[in-house]
Structure formats: structure tokens, C-alpha cells
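Source file: protein.txt. Holds: compact mmCIF, C-alpha atoms.
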# COMPACT_ATOMS: atom_id res chain seq x y z
CA MET A 6 0.00 0.00 0.00
CA LYS A 7 1.65 3.21 -1.14
CA THR A 8 -0.32 5.43 1.23
CA THR A 9 -0.74 4.52 4.89
CA ILE A 10 -4.03 5.63 6.36
CA ALA A 11 -5.66 5.15 9.72
CA LEU A 12 -9.11 3.64 9.49
CA GLY A 13 -11.58 3.31 12.32
CA ILE A 14 -13.65 0.20 11.59
CA THR A 15 -17.39 0.74 11.65
CA ARG A 16 -19.99 -1.99 11.91
CA VAL A 17 -22.53 -1.99 9.10
CA GLY A 18 -25.78 -3.81 8.65
CA ILE A 19 -26.22 -6.92 6.55
CA ALA A 20 -28.51 -5.10 4.14
CA PHE A 21 -25.88 -2.44 3.51
CA LEU A 22 -23.20 -5.06 2.92
CA LEU A 23 -25.34 -6.87 0.37
CA THR A 24 -25.98 -3.59 -1.43
CA LEU A 25 -22.27 -2.81 -1.35
CA PHE A 26 -21.29 -6.19 -2.76
CA THR A 27 -23.79 -5.84 -5.57
CA ALA A 28 -22.50 -2.39 -6.41
CA CYS A 29 -18.83 -3.32 -6.40
CA SER A 30 -19.46 -6.36 -8.57
CA ASN A 31 -20.68 -4.11 -11.39
CA VAL A 32 -18.04 -1.38 -11.33
CA PRO A 33 -17.13 -0.25 -14.89
CA VAL A 34 -13.68 -1.41 -15.89
CA LYS A 35 -11.07 1.35 -16.16
CA THR A 36 -7.63 0.55 -17.45
CA ALA A 37 -4.58 2.21 -15.89
CA ASP A 38 -3.42 3.55 -19.26
CA LYS A 39 -6.69 5.29 -20.08
CA PRO A 40 -6.05 9.05 -20.61
CA ALA A 41 -7.34 11.22 -17.78
CA GLU A 42 -10.54 13.12 -18.50
CA LYS A 43 -10.52 16.90 -18.18
CA GLY A 44 -10.23 17.76 -14.51
CA GLU A 45 -9.50 14.14 -13.57
CA VAL A 46 -6.33 13.30 -11.65
CA PRO A 47 -3.95 11.20 -13.82
CA PHE A 48 -3.77 7.58 -12.70
CA ASP A 49 -0.10 7.71 -11.69
CA GLN A 50 -0.84 10.70 -9.45
CA MET A 51 -3.85 9.17 -7.72
CA ARG A 52 -3.51 8.23 -4.07
CA ASP A 53 -4.66 4.81 -2.96
CA SER A 54 -6.85 4.29 0.10
CA GLY A 55 -9.70 2.32 1.58
CA PRO A 56 -13.38 3.24 1.05
CA ALA A 57 -14.45 6.75 2.12
CA MET A 58 -16.62 5.22 4.83
CA PRO A 59 -14.66 2.34 6.46
CA VAL A 60 -16.42 -1.02 6.16
CA ASP A 61 -16.10 -3.88 8.63
CA MET A 62 -15.21 -6.93 6.51
CA LEU A 63 -14.08 -9.23 9.32
CA ALA A 64 -17.06 -11.55 8.81
CA THR A 65 -16.26 -12.10 5.11
CA PRO A 66 -16.39 -15.86 4.36
CA GLU A 67 -13.03 -17.54 3.99
CA VAL A 68 -11.81 -18.49 0.52
CA THR A 69 -12.34 -22.10 -0.57
CA PRO A 70 -9.14 -22.97 -2.46
CA VAL A 71 -9.60 -25.09 -5.56
CA ARG A 72 -7.40 -26.41 -8.35
CA GLU A 73 -7.77 -23.97 -11.25
CA PRO A 74 -6.27 -24.13 -14.74
CA ILE A 75 -3.28 -21.84 -15.25
CA GLY A 76 -3.97 -19.75 -18.33
CA VAL A 77 -1.85 -17.56 -20.57
CA ALA A 78 -3.12 -14.23 -19.25
CA GLY A 79 -0.87 -12.72 -16.61
CA ASN A 80 1.69 -15.52 -16.80
CA LYS A 81 4.16 -14.18 -19.37
CA SER A 82 7.62 -15.23 -18.23
CA PRO A 83 10.01 -13.60 -17.93
CA TYR A 84 8.61 -10.08 -17.75
CA VAL A 85 10.21 -6.75 -16.86
CA VAL A 86 8.88 -3.93 -14.67
CA ASP A 87 10.92 -0.81 -13.93
CA GLY A 88 14.00 -2.50 -15.30
CA VAL A 89 13.68 -5.54 -13.01
CA ARG A 90 13.24 -8.98 -14.59
CA TYR A 91 10.81 -11.45 -13.00
CA LYS A 92 10.26 -15.14 -13.79
CA VAL A 93 6.92 -16.78 -13.04
CA LEU A 94 7.27 -19.99 -11.02
CA ASN A 95 6.54 -23.20 -12.93
CA LYS A 96 5.60 -25.02 -9.73
CA VAL A 97 4.52 -23.57 -6.41
CA LYS A 98 4.90 -26.61 -4.16
CA GLY A 99 7.31 -25.76 -1.38
CA TYR A 100 7.21 -22.00 -1.97
CA ARG A 101 7.45 -20.15 1.34
CA GLU A 102 8.78 -16.64 1.86
CA ARG A 103 8.88 -14.03 4.60
CA GLY A 104 8.81 -10.30 4.02
CA ARG A 105 6.49 -7.31 4.13
CA ALA A 106 2.93 -7.23 2.83
CA SER A 107 1.14 -4.10 1.69
CA TRP A 108 -2.46 -3.65 0.54
CA TYR A 109 -4.30 -1.87 -2.23
CA GLY A 110 -7.79 -0.41 -2.45
CA THR A 111 -9.88 2.21 -4.24
CA LYS A 112 -7.26 3.25 -6.80
CA PHE A 113 -7.43 -0.18 -8.45
CA HIS A 114 -10.96 -1.25 -7.46
CA GLY A 115 -12.89 -2.09 -10.64
CA ARG A 116 -9.78 -2.15 -12.83
CA LYS A 117 -8.50 -5.23 -14.62
CA THR A 118 -6.03 -7.46 -12.82
CA ALA A 119 -3.00 -8.99 -14.56
CA ASN A 120 -4.95 -12.10 -15.60
CA GLY A 121 -7.89 -10.17 -17.07
CA GLU A 122 -10.26 -10.41 -14.13
CA VAL A 123 -11.44 -7.34 -12.22
CA TYR A 124 -9.95 -6.26 -8.91
CA ASN A 125 -12.48 -6.27 -6.09
CA MET A 126 -11.02 -4.86 -2.88
CA TYR A 127 -13.84 -6.50 -0.89
CA ALA A 128 -12.78 -10.04 -1.93
CA LEU A 129 -9.94 -12.06 -0.43
CA SER A 130 -7.38 -11.69 -3.20
CA ALA A 131 -3.76 -10.72 -3.66
CA ALA A 132 -1.06 -9.61 -6.08
CA HIS A 133 2.27 -11.44 -6.26
CA LYS A 134 5.26 -11.04 -8.55
CA THR A 135 6.01 -14.68 -9.40
CA LEU A 136 3.20 -17.05 -8.35
CA PRO A 137 1.18 -18.41 -11.31
CA LEU A 138 -2.20 -16.80 -11.91
CA PRO A 139 -4.51 -17.89 -10.51
CA SER A 140 -3.16 -19.64 -7.43
CA TYR A 141 -3.82 -19.76 -3.70
CA ALA A 142 -1.58 -18.86 -0.78
CA LYS A 143 -1.73 -18.87 2.99
CA VAL A 144 -0.61 -15.54 4.43
CA THR A 145 0.28 -15.21 8.13
CA ASN A 146 0.80 -11.94 9.97
CA LEU A 147 3.98 -12.63 11.99
CA ASP A 148 3.15 -9.85 14.46
CA ASN A 149 -0.20 -11.22 15.63
CA GLY A 150 -0.33 -14.82 14.33
CA ARG A 151 -3.46 -14.34 12.21
CA SER A 152 -3.67 -16.35 8.97
CA ILE A 153 -5.91 -16.29 5.92
CA ILE A 154 -5.98 -17.88 2.48
CA VAL A 155 -6.09 -15.58 -0.53
CA ARG A 156 -6.57 -16.12 -4.25
CA VAL A 157 -3.69 -14.61 -6.24
CA ASN A 158 -4.92 -13.05 -9.50
CA ASP A 159 -2.72 -9.99 -9.96
CA ARG A 160 0.92 -8.89 -10.27
CA GLY A 161 2.84 -6.75 -7.77
CA PRO A 162 3.81 -5.13 -5.52
CA PHE A 163 6.73 -3.65 -7.45
CA VAL A 164 8.18 -1.93 -4.39
CA PRO A 165 11.51 -3.01 -2.87
CA GLY A 166 11.12 -5.12 0.25
CA ARG A 167 7.47 -6.08 -0.31
CA ILE A 168 6.53 -9.61 -1.31
CA ILE A 169 2.72 -9.50 -1.60
CA ASP A 170 -0.08 -6.95 -2.00
CA LEU A 171 -3.35 -7.94 -0.32
CA SER A 172 -6.85 -6.68 -0.91
CA TYR A 173 -8.50 -4.26 1.52
CA THR A 174 -10.49 -7.09 3.10
CA ALA A 175 -7.52 -9.45 3.37
CA ALA A 176 -5.39 -6.79 5.08
CA GLN A 177 -8.23 -6.01 7.45
CA LYS A 178 -8.58 -9.66 8.40
CA LEU A 179 -4.85 -9.84 9.10
CA GLY A 180 -5.06 -6.76 11.31
CA TYR A 181 -2.78 -4.26 9.57
CA ILE A 182 -5.21 -2.05 7.66
CA ASP A 183 -4.23 0.97 9.80
CA LYS A 184 -0.48 0.34 9.48
CA GLY A 185 -0.15 0.00 5.72
CA THR A 186 2.31 -2.91 5.84
CA ALA A 187 3.02 -5.95 8.02
CA ARG A 188 5.62 -8.68 8.43
CA VAL A 189 4.16 -11.80 6.88
CA GLU A 190 4.91 -15.32 5.77
CA VAL A 191 3.50 -16.40 2.40
CA GLU A 192 3.07 -20.11 1.71
CA ALA A 193 1.72 -21.27 -1.64
CA LEU A 194 -0.87 -24.05 -1.65
CA ASP A 195 0.09 -27.01 -3.82
CA PRO A 196 -2.65 -27.21 -6.51
CA ASP A 197 -2.27 -31.00 -6.68
CA SER A 198 -3.51 -31.18 -3.09
CA LEU A 199 -6.66 -29.15 -3.83
CA PRO A 200 -10.06 -30.36 -5.06
CA SER A 201 -11.09 -29.39 -8.58
CA ALA A 202 -13.31 -26.35 -9.03
CA THR A 203 -16.02 -28.59 -10.52
CA GLN A 204 -16.07 -30.90 -7.49
CA THR A 205 -16.12 -28.01 -5.03
CA LEU A 206 -18.93 -26.22 -6.84
CA ALA A 207 -21.06 -29.39 -6.88
CA VAL A 208 -20.57 -29.92 -3.12
CA GLU A 209 -21.42 -26.29 -2.34
CA LYS A 210 -24.54 -26.34 -4.50
CA ASP A 211 -25.70 -29.51 -2.75
CA ALA A 212 -25.05 -28.00 0.68
CA ALA A 213 -26.87 -24.81 -0.27
CA ALA A 214 -29.88 -26.79 -1.49
CA ARG A 215 -30.05 -28.78 1.74
CA LYS A 216 -29.27 -26.02 4.24
CA GLY A 217 -30.29 -22.86 2.42
CA LEU A 218 -26.78 -21.45 2.57
CA PRO A 219 -26.42 -17.85 1.32
CA GLU A 220 -24.49 -17.18 -1.88
CA ASP A 221 -20.91 -16.05 -1.24
CA ALA A 222 -21.12 -12.38 -2.24
CA SER A 223 -17.34 -11.94 -2.12
CA PHE A 224 -17.09 -14.10 -5.26
CA LYS A 225 -19.47 -12.09 -7.41
CA LEU A 226 -18.11 -11.11 -10.81
CA PRO A 227 -18.87 -8.03 -12.90
CA SER A 228 -22.05 -8.57 -14.91
CA ASN A 229 -20.12 -8.50 -18.21
CA THR A 230 -17.70 -11.35 -17.43
CA PHE A 231 -17.27 -14.01 -20.13
CA LEU A 232 -15.10 -17.03 -20.82
CA GLN A 233 -13.71 -16.63 -24.34
CA VAL A 234 -12.97 -20.02 -25.87
CA GLY A 235 -11.47 -18.69 -29.08
CA ALA A 236 -11.56 -16.20 -31.95
CA TYR A 237 -11.95 -17.69 -35.43
CA SER A 238 -11.54 -16.32 -38.95
CA SER A 239 -14.47 -18.40 -40.18
CA ALA A 240 -18.01 -17.57 -39.09
CA SER A 241 -19.16 -21.13 -39.81
CA GLN A 242 -16.37 -22.60 -37.65
CA ALA A 243 -17.29 -20.24 -34.82
CA GLU A 244 -20.94 -21.30 -35.08
CA GLU A 245 -19.94 -24.96 -35.01
CA ILE A 246 -17.88 -24.44 -31.83
CA ARG A 247 -20.74 -22.43 -30.31
CA GLY A 248 -23.13 -25.32 -30.84
CA GLN A 249 -20.72 -27.84 -29.33
CA LEU A 250 -20.14 -25.68 -26.24
CA ALA A 251 -23.85 -25.01 -25.72
CA ALA A 252 -24.60 -28.73 -25.91
CA ALA A 253 -21.72 -29.69 -23.62
CA PHE A 254 -22.14 -27.15 -20.81
CA GLY A 255 -25.67 -25.78 -20.85
CA TYR A 256 -24.56 -22.16 -20.48
CA PRO A 257 -25.32 -19.33 -22.92
CA VAL A 258 -22.75 -19.22 -25.72
CA SER A 259 -22.49 -16.36 -28.20
CA VAL A 260 -20.56 -15.50 -31.36
CA SER A 261 -19.56 -11.86 -31.83
CA PRO A 262 -17.54 -10.37 -34.72
CA VAL A 263 -14.62 -8.02 -34.06
CA LYS A 264 -12.20 -6.20 -36.37
CA SER A 265 -8.53 -7.04 -35.77
CA GLY A 266 -5.65 -6.05 -38.04
CA GLY A 267 -8.00 -5.33 -40.89
CA LYS A 268 -9.63 -8.74 -40.61
CA THR A 269 -12.87 -9.90 -39.04
CA LEU A 270 -12.61 -12.48 -36.27
CA TYR A 271 -15.53 -14.29 -34.67
CA ARG A 272 -15.23 -14.58 -30.89
CA VAL A 273 -16.93 -17.49 -29.16
CA ARG A 274 -17.80 -16.73 -25.55
CA ILE A 275 -19.57 -18.50 -22.70
CA GLY A 276 -21.55 -16.26 -20.40
CA PRO A 277 -22.10 -13.86 -18.88
CA ILE A 278 -20.93 -15.62 -15.71
CA ALA A 279 -21.79 -14.20 -12.29
CA GLN A 280 -19.78 -16.31 -9.84
CA GLN A 281 -16.03 -16.88 -9.57
CA ARG A 282 -16.37 -20.57 -8.68
CA VAL A 283 -18.66 -21.20 -11.65
CA LEU A 284 -16.10 -19.49 -13.86
CA ALA A 285 -13.29 -21.66 -12.48
CA ALA A 286 -15.31 -24.85 -12.95
CA LEU A 287 -16.18 -23.92 -16.54
CA ARG A 288 -12.54 -23.19 -17.39
CA GLU A 289 -11.56 -26.57 -16.03
CA SER A 290 -14.29 -28.38 -17.95
CA VAL A 291 -13.57 -26.58 -21.23
CA GLU A 292 -9.91 -27.60 -21.04
CA GLN A 293 -10.73 -31.17 -20.06
CA GLN A 294 -12.97 -31.53 -23.11
CA LYS A 295 -10.18 -30.34 -25.41
CA PHE A 296 -11.64 -26.98 -26.40
CA GLY A 297 -8.29 -25.28 -25.76
CA GLN A 298 -7.32 -22.75 -23.09
CA PRO A 299 -10.16 -20.25 -22.61
CA GLN A 300 -9.48 -16.74 -21.36
CA VAL A 301 -11.50 -14.58 -18.97
CA VAL A 302 -12.68 -11.36 -20.59
CA VAL A 303 -14.64 -8.44 -19.17
CA ASP A 304 -16.27 -6.01 -21.59
Please express the file's structure as C-alpha cells.
Amino acid sequence: MKTTIALGITRVGIAFLLTLFTACSNVPVKTADKPAEKGEVPFDQMRDSGPAMPVDMLATPEVTPVREPIGVAGNKSPYVVDGVRYKVLNKVKGYRERGRASWYGTKFHGRKTANGEVYNMYALSAAHKTLPLPSYAKVTNLDNGRSIIVRVNDRGPFVPGRIIDLSYTAAQKLGYIDKGTARVEVEALDPDSLPSATQTLAVEKDAAARKGLPEDASFKLPSNTFLQVGAYSSASQAEEIRGQLAAAFGYPVSVSPVKSGGKTLYRVRIGPIAQQRVLAALRESVEQQKFGQPQVVVD
């Protein structure tokens, strides 16, 4: 977190939280390189912070780690930032590191993460320089012993001495929201030890049906989130793939033309998809059925 701020935590009602989650799940995407509008502060001059009215997120449900496919987006290796070269880890088993954690909030809330998803500061997520995207990690605050599991879907922090950037909610749960940074230990979860997204989703749906469990609002996606299976030069090929996907998965599948390099490509997309776990399960299933490596797109 580049700017340290002191936040007094205020309790809020359940109705307000639900409204808040719904609002933040539909924030328009703004890219960091978008030119500033007249009178608007340029992105690189904006100060980061928490929400204007502090929100108590301590009761946010814990993340359920699952085995997710590692896609192309956000995993270019090596890559260079500010003259420093970074190499994405091929395997995370055994990764454990101690250092300082920061957190990020409103400046990036609603903007795309490194792997094409949208940053939601109210979810339990994180940015890391070398862990594959997406992946899961256990983060422990060495000053108070608190631990949480976060889903890593972004790159950073590119500040010397910092090893991970946590979301507003994750930092609050670890107890350092008012300090800006904390001494932490980061331990990656071995994906081979995790259940598949498809299995987890099925279990949760069954439990919800039997017990009336509430939907996990922290995993809501923007309303315009899609899983793009491919972009084809032939409209007939795209329609053929669309039909196969619709029959195989039972989700809406669309074909949309787009101009690229003077040519017309036909994008085949599944969605829109509202829940992160549904998205993860679909990605896994699409790859298992040999439809290639789909990418998450928000537009």
C-alpha cells in the first residue's frame, strides 16, 4: 500500500453489505493507461486508500481454495517492470517466503487485474510477482499470528522489500489495515492437493440446497464477465464451436464479430458468468474436453 491511512472500523448492517457487494461487482472497468478526463487526476498521481466510509469486513467468508487451470493471461515469463526482470514460477509446491505485505484499495478497485479479471477490494485476493495466476496462498501476519488464504490473481507489488499486495479485506482480516504494511509469511498451496473447481462447486450447491446457505457475495463477478474459448476467422467454424459448447455445458454461448488487423474475427464466448467458482469450474471443464485454453474477458 503506497499510502498509509488510519481507518476506524465501523460496523454496518447486513442489508448495507449486500448492497455494497452488488455495487462493487458491477463497477465499470477502467484501465490504468486510459487518458485522464478533463479535470480528472492522472492515474499515476492518484492516491490509494480504503473506502471513504470504512467497512467492517471481518465476517467475510473464507476463501475455498480449488485447483484452477493456469492460463496464458498474466503468466508471461520472464517479464520486466521498472528495469527488473521477473520469472513466473513453474511449480509452487514448497514456496514459502517471509517479508512485508502491503495492501491496495480504491485506486485499483474495478480495474483489470493482470490475468484479465477485475480487482475487487472487498474479496480475499492478492497480487504477487512470481506465483502463477490464478493460485492460492496462505498468508500469516507474523506480528499477531493471524492467517488467511487468498486467491492470487494480480501482479505486484513492485516496491523493494514487499513480497505481496493484499486486498482491503484481506489486510483487514490480518489486522494491519491501519499500518499500511506488516511482516508476513506467504506459503503457496500445492494445486495437486486441492479439489477441482467442478467438485467443489457441486458440493457447495448440494449444501446450499439442503441447508439454504447464502451465496458467497465476495465471489461475485462483474455482470459483463465471459469465458472466451477462441476467436476464429471463419463464421461457420465459430458457429460450429458455439453449438458444441452449448450442448456440452448448458450455459449461454455467443458469437460476436470483431475487427482485428484489418480482418474480421468471430469470438466465441460463454456467459455472462456471475460467480467466480462457476467461472473456475467452466474453465476446467472446457480444457478437459479439449476446447483449448479459454481466457476470462470483461467487456
Contacts of region 118-124 of chain A within 9 Å, all atoms listed in the file, excl. fewer than 5 positions in-chain, as number ranges by chain: A: 30, 32, 34, 76-80, 110, 113, 130, 132, 138-139, 158-160, 172, 226-227, 230, 300-303
Show me as a ChimeraX atom specification the residues that reach within 7 Å of (1.9, -9.5, 10.6), counting only C-alpha atoms and using the file's own coordinates. /A:145-150,179,187-189
Val86 (chain A) proximity check over A:Pro59, A:Ala142, A:Gly115, A:Phe163, using only C-alpha atoms: winner is A:Phe163
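Taking CA of Glu245 (chain A) and CA of Gln298 (chain A) as endpoints, the distance between them is 17.5 Å.
Using all atoms listed in the file, the shortest contact distance between Ile153 (chain A) and any of A:Leu136, A:Ala243, A:Leu63, A:Leu199 is found at A:Leu63.
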Repaired coordinates for region 248-277 of chain A (N, CA and C atoms) as a short mmCIF file (atom, residue, chain, number, x, y, z; two decimals), keeping the file's coordinate frame:
data_model
loop_
_atom_site.label_atom_id
_atom_site.label_comp_id
_atom_site.auth_asym_id
_atom_site.auth_seq_id
_atom_site.Cartn_x
_atom_site.Cartn_y
_atom_site.Cartn_z
N GLY A 248 -22.17 -24.25 -31.04
CA GLY A 248 -23.13 -25.32 -30.84
C GLY A 248 -22.60 -26.44 -29.97
N GLN A 249 -21.33 -26.78 -30.14
CA GLN A 249 -20.72 -27.84 -29.33
C GLN A 249 -20.64 -27.43 -27.86
N LEU A 250 -20.26 -26.17 -27.61
CA LEU A 250 -20.14 -25.68 -26.24
C LEU A 250 -21.51 -25.61 -25.56
N ALA A 251 -22.50 -25.12 -26.29
CA ALA A 251 -23.85 -25.01 -25.72
C ALA A 251 -24.39 -26.38 -25.35
N ALA A 252 -24.13 -27.37 -26.19
CA ALA A 252 -24.60 -28.73 -25.91
C ALA A 252 -23.84 -29.36 -24.75
N ALA A 253 -22.55 -29.04 -24.64
CA ALA A 253 -21.72 -29.69 -23.62
C ALA A 253 -21.91 -29.11 -22.23
N PHE A 254 -22.17 -27.78 -22.13
CA PHE A 254 -22.14 -27.15 -20.81
C PHE A 254 -23.46 -26.53 -20.35
N GLY A 255 -24.38 -26.30 -21.26
CA GLY A 255 -25.67 -25.78 -20.85
C GLY A 255 -25.67 -24.32 -20.44
N TYR A 256 -24.63 -23.59 -20.77
CA TYR A 256 -24.56 -22.16 -20.48
C TYR A 256 -24.74 -21.38 -21.78
N PRO A 257 -25.20 -20.13 -21.70
CA PRO A 257 -25.32 -19.33 -22.92
C PRO A 257 -23.98 -19.18 -23.62
N VAL A 258 -23.96 -19.36 -24.93
CA VAL A 258 -22.75 -19.22 -25.72
C VAL A 258 -23.07 -18.31 -26.90
N SER A 259 -22.22 -17.32 -27.13
CA SER A 259 -22.49 -16.36 -28.20
C SER A 259 -21.30 -16.25 -29.15
N VAL A 260 -21.59 -15.79 -30.37
CA VAL A 260 -20.56 -15.50 -31.36
C VAL A 260 -20.66 -14.01 -31.68
N SER A 261 -19.54 -13.30 -31.54
CA SER A 261 -19.56 -11.86 -31.83
C SER A 261 -18.38 -11.49 -32.71
N PRO A 262 -18.62 -10.77 -33.81
CA PRO A 262 -17.54 -10.37 -34.72
C PRO A 262 -16.75 -9.19 -34.16
N VAL A 263 -15.47 -9.14 -34.47
CA VAL A 263 -14.62 -8.02 -34.06
C VAL A 263 -13.56 -7.79 -35.12
N LYS A 264 -13.24 -6.53 -35.40
CA LYS A 264 -12.20 -6.20 -36.37
C LYS A 264 -10.84 -6.25 -35.68
N SER A 265 -9.88 -6.94 -36.32
CA SER A 265 -8.53 -7.04 -35.77
C SER A 265 -7.52 -7.09 -36.91
N GLY A 266 -6.66 -6.07 -36.99
CA GLY A 266 -5.65 -6.05 -38.04
C GLY A 266 -6.24 -6.04 -39.43
N GLY A 267 -7.36 -5.39 -39.58
CA GLY A 267 -8.00 -5.33 -40.89
C GLY A 267 -8.82 -6.55 -41.24
N LYS A 268 -8.86 -7.52 -40.36
CA LYS A 268 -9.63 -8.74 -40.61
C LYS A 268 -10.78 -8.85 -39.60
N THR A 269 -11.76 -9.65 -39.95
CA THR A 269 -12.87 -9.90 -39.04
C THR A 269 -12.68 -11.26 -38.37
N LEU A 270 -12.69 -11.25 -37.05
CA LEU A 270 -12.61 -12.48 -36.27
C LEU A 270 -13.94 -12.69 -35.56
N TYR A 271 -14.27 -13.95 -35.32
CA TYR A 271 -15.53 -14.29 -34.67
C TYR A 271 -15.24 -14.91 -33.31
N ARG A 272 -15.53 -14.15 -32.25
CA ARG A 272 -15.23 -14.58 -30.89
C ARG A 272 -16.35 -15.47 -30.35
N VAL A 273 -15.96 -16.58 -29.76
CA VAL A 273 -16.93 -17.49 -29.16
C VAL A 273 -16.78 -17.39 -27.65
N ARG A 274 -17.85 -16.99 -26.98
CA ARG A 274 -17.80 -16.73 -25.55
C ARG A 274 -18.92 -17.42 -24.80
N ILE A 275 -18.59 -17.92 -23.62
CA ILE A 275 -19.57 -18.50 -22.70
C ILE A 275 -19.91 -17.44 -21.67
N GLY A 276 -21.19 -17.22 -21.43
CA GLY A 276 -21.55 -16.26 -20.40
C GLY A 276 -22.68 -15.34 -20.82
N PRO A 277 -22.93 -14.29 -20.00
CA PRO A 277 -22.10 -13.86 -18.88
C PRO A 277 -22.16 -14.80 -17.68
#
